[in-house]
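Data first, discussion second: the structure below is written as structure tokens.
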Amino acid sequence: MVRFENVGLRYGLGPEVLRDLTFELESGAFHFLVGPSGAGKSSLLQLLYLARRPTRGLITLFDRAVLKVPRRELPALRQRIGVVFQDFRLFDHLSAFDNVALPLRLKGAKEPEIRKHVSELLTWVELGDHLDALPPTLSGGQKQRVAIARAVIARPRLLLADEPTGNVDDRIAVRLLHLFVDLHKMGTTVVIATHNLELVSRFRYPELRLENGEIKQFRPSAQRDARPGIEAAARRV
Amino acid sequence: MAGRIRVLPLDRDDSRRYLPWIVAVMVYLAAMTLAGAMATAGMALRWQTGLTGALTVQLQPAAGTPANDARIEAVLSILRADAAVASAEPVDEEKMLGFIQPWLGREGLTLDLPLPRLIDVRLRDRASVDLGDLAARLEAAAPGTTVDDHARWLTGILKLARVIRFIAFGTVALIAAAAITVLVFATRAALAVHKDSIALLHIMGARNRFIADEFQGAALAQGFRGGMIGLLTALATLVALGSAGLNADIGILPQATLTPLQWLVLAALPPAAGAVALITARLTVLRVLAQLV
Ligand SMILES: Nc1ncnc2c1ncn2[C@@H]1O[C@H](COP(=O)(O)OP(=O)(O)OP(=O)(O)O)[C@@H](O)[C@H]1O
Ligand SMILES: [Mg+2]
């Protein structure tokens with residue numbers, strides 16, 4: 001699903017913020033990406049969602065060498081990736097509904113289908129009363145839920161979330177993580193960058209630890225079965 | 001396109017808000033140019049058709065022989081006998097004086113000027129008339145008679161009409177070029193203003209065509225709206241010009257009016273402005289996005 005080989009990234013002429021990253025994420029894996037602030041978590045995710053190109057090394061995504069994908073094929077590749085941004089990046093003049101509907105519209109889905117799925121999902125993240133609300137009128141946690149709904153609505157093959165629970169209380173955080181877990185159960189590969197170690201320990205998925213731009217700890221998901229952890233966490237909610 | 005959700009608020013940002021007004025000015029200028037050119041060309045055309053079917057026969061009062069009725073009768077009978085002539089009528093003396101009055105003033109008219117007599121001849125078929133022969137026959141019947149077929153006027157009018165049309169087309173082309181240049185810069189500015197949103201759309205898997213659709217939709221609406229403002233202002237100006245009676249004062253010229261087809265040309269300006277804006281925006285966006293890394 002994802003393979004990094006000796007990947008390095010630097011911003012402009014600055015130092016490398018990611019150094020010699022080599023790892024592989026299997027299809028259907030679920031990983032927490034952890035590490036101190038400034039370690040390069042967001043930068044790594046940007047490489048994964050094809051917003052940046054590595055300054056060196058090789059990235060393989062969906063079995064394709066990313067640097068060799070022709071430009072006109074990138075949209076199709078990107079439509080299979082769902083992203084929750086650390087700063088949400090919602091379209092401020094589009095309603096919560098239209099923000100969440102956008103990935104489906106980009107894929108050319110039919111409007112009745114869009115209406116049904118989007119309202120269902122927004123209701124599930126407890127925003128059923130805010131379908132027409134514009135993002136600037138929503139609280140931080142509400143915006144975050146819209147952002148998450150937008151990332152998962154089109155059932156991406158790869159889901160990348162940058163600090164997706166930073167603005168919500170623990171109850172909602174766990175509920176939101178269950179969205180990711182559900183998607184994971186349907187075969188989506190999930191990578192969640194987070195500082196919330198409590199949540200990480202609750203769900204007991206393998207961790208990818210970044211420190212100073214290097215991978216410190218990496219446990220392929222095959223080495224352990226995470227299922228009991230999810231269910232244990234779910235019971236606690 | 002109908003009912004499509006606009007992701008980028010293109011009609012709200014400063015980079016494009018002034019666009020309809022610029023388009024309005026351009027369309028106003030284009031409409032006035034076209035209206036002026038078409039009215040002049042139409043006028044020339046009507047004058048031409050008026051003149052080609054007509055001759056003016058002039059009897060000089062020279063050589064001591066007054067332009068008396070006997071001579072006029074002689075000329076008239078020759079003319080009326082000619083198969084090519086539809087009608088031949090002497091121009092009323094009162095009317096002649098009316099023409100001359102503006103140049104000579106009332107006092108001039110009281111002088112006993114020897115005025116030439118004119119005969120207005122309408123032809124059935126201009127091509128079948130041998131002017132030289134006719135002139136010779138008339139001269140024989142009544143010395144001092146000349147025939148004027150207005151050829152001098154005609155070539156001049158036709159040339160003028162051609163020049164006016166050429167200048168009008170050139171002016172409209174220049175206006176269009178200026179409008180397109182403004183649209184290109186405005187579109188580039190809008191792309192810069194919305195570059196974060198566009199980057200986000202790209203990350204979400206939007207194709208450049210989707211983004212171009214956003215821009216062209218807004219451009220079409222703004223171009224059309226600007227075009228309507230410009231056209232309505234131009235129409236108001238034309239109506240004001242018409243009711244000011246400028247035409248009526250220039251008595252010898254035919255009325256400067258537009259045919260229904262010419263009005264249609266003017267009515268096509270707003271859609272044309274919308275189309276030009278749409279195409280310009282689309283091409284500019286696709287071109288700029290293709291250059292992004
Ligand atoms: N656009 C940028 N230009 C220059 N340097 C950048 C840019 N974005 C990030 N950096 C640098 O790259 C390094 C890694 O940043 P990154 O945002 O990836 O860290 P992070 O692990 O996501 O931190 P946090 O947990 O605070 O979100 C930091 O030193 C940061 O200063
Ligand atoms: Mg970050």
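Identifiers in the structure tokens: chain A, B, ... in order shown; residue index from 1 per chain; ligand index from 1 in order shown.
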
Item checked: Residues within 6 Å of ligand 1, counting only C-alpha atoms and all ligand atoms, as a ChimeraX atom specification -> /A:11,17,36-43

Next item on the list: Write out as a ChimeraX atom specification every residue belonging to chain A that has an atom at most 10 Å from any atom of chain B, counting only C-alpha atoms.
Entry: /A:46,49-53,71-83,89-94,98-99,102-103,105-107,150-151

Next item on the list: List the neighbours of Asp129 (chain A) out to 12 Å using only C-alpha atoms; skip same-chain residues closer than 2 positions along the sequence, and give me the result as a list in words.
Entry: Ala96, Phe97, Ser119, Glu120, Leu122, Thr123, Trp124, Val125, Glu126, Leu127, Leu131, Asp132, Ala133, Leu138 and Gln142 of chain A

Checklist line | Secondary structure check, helix (DSSP H, G or I) residues of region 108-277 of chain B, as a PyMOL selection string | finding: chain B and resi 108-110+126-128+131-141+151-193+195-203+208-243+246-249+260-267+269-277

Margin query: One decimal, in Å: what's the spacing between CA of Gly144 (chain B) and CA of Arg117 (chain B)?
Written below: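 Distance between the two atoms: 10.9 Å.
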
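Of the residues under consideration (A:Thr165, A:Thr55, A:Thr189, A:Asn6), A:Thr165 shows the shortest atom-to-atom contact distance to Val84 (chain A) when counting only C-alpha atoms.
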
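Look at Gln48 (chain B): the protein and nucleic acid residues within 7 Å of it, using only C-alpha atoms and passing over chain neighbours fewer than 4 places away, are B:Ala44, B:Thr52, B:Leu154.
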
Margin query: List the spatial neighbours of region 80-82 of chain B as a PyMOL selection string - criterion: any atom at most 12 Å away, only C-alpha atoms, same-chain residues fewer than 6 positions off excluded.
Written below: chain B and resi 72-74+88-90+119-125+128-131+133-134+137-138

Notebook entry, point to check: Distance CA of Glu111 (chain A)-CA of Thr188 (chain A), one decimal place?
Noted result: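 Computed distance, CA of Glu111 (chain A) to CA of Thr188 (chain A), equals 24.6 Å.
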
Item checked: Long-range neighbours of Ala178 (chain B) as a list in words, 12 Å cut-off, only C-alpha atoms, 4 positions minimum in chain -> Ile22, Val23, Val25, Met26, Val27, Leu29, Ala30, Thr171, Val172, Ala173, Leu174, Val182, Leu183, Val184, Phe185, Val276 and Ala277 of chain B

Note to self: Give me the residues near Glu139 (chain B) as a PyMOL selection string, where near means some atom within 12 Å (using only C-alpha atoms) and where sequence neighbours in that chain fewer than 3 positions away do not count.
What the structure shows: chain B and resi 57-60+71-72+74-75+78+131-136+142-147

Margin query: If I take CA of Thr40 (chain B) and CA of His150 (chain B), how far is one from the other in Å, to one decimal?
Written below: 19.1 Å
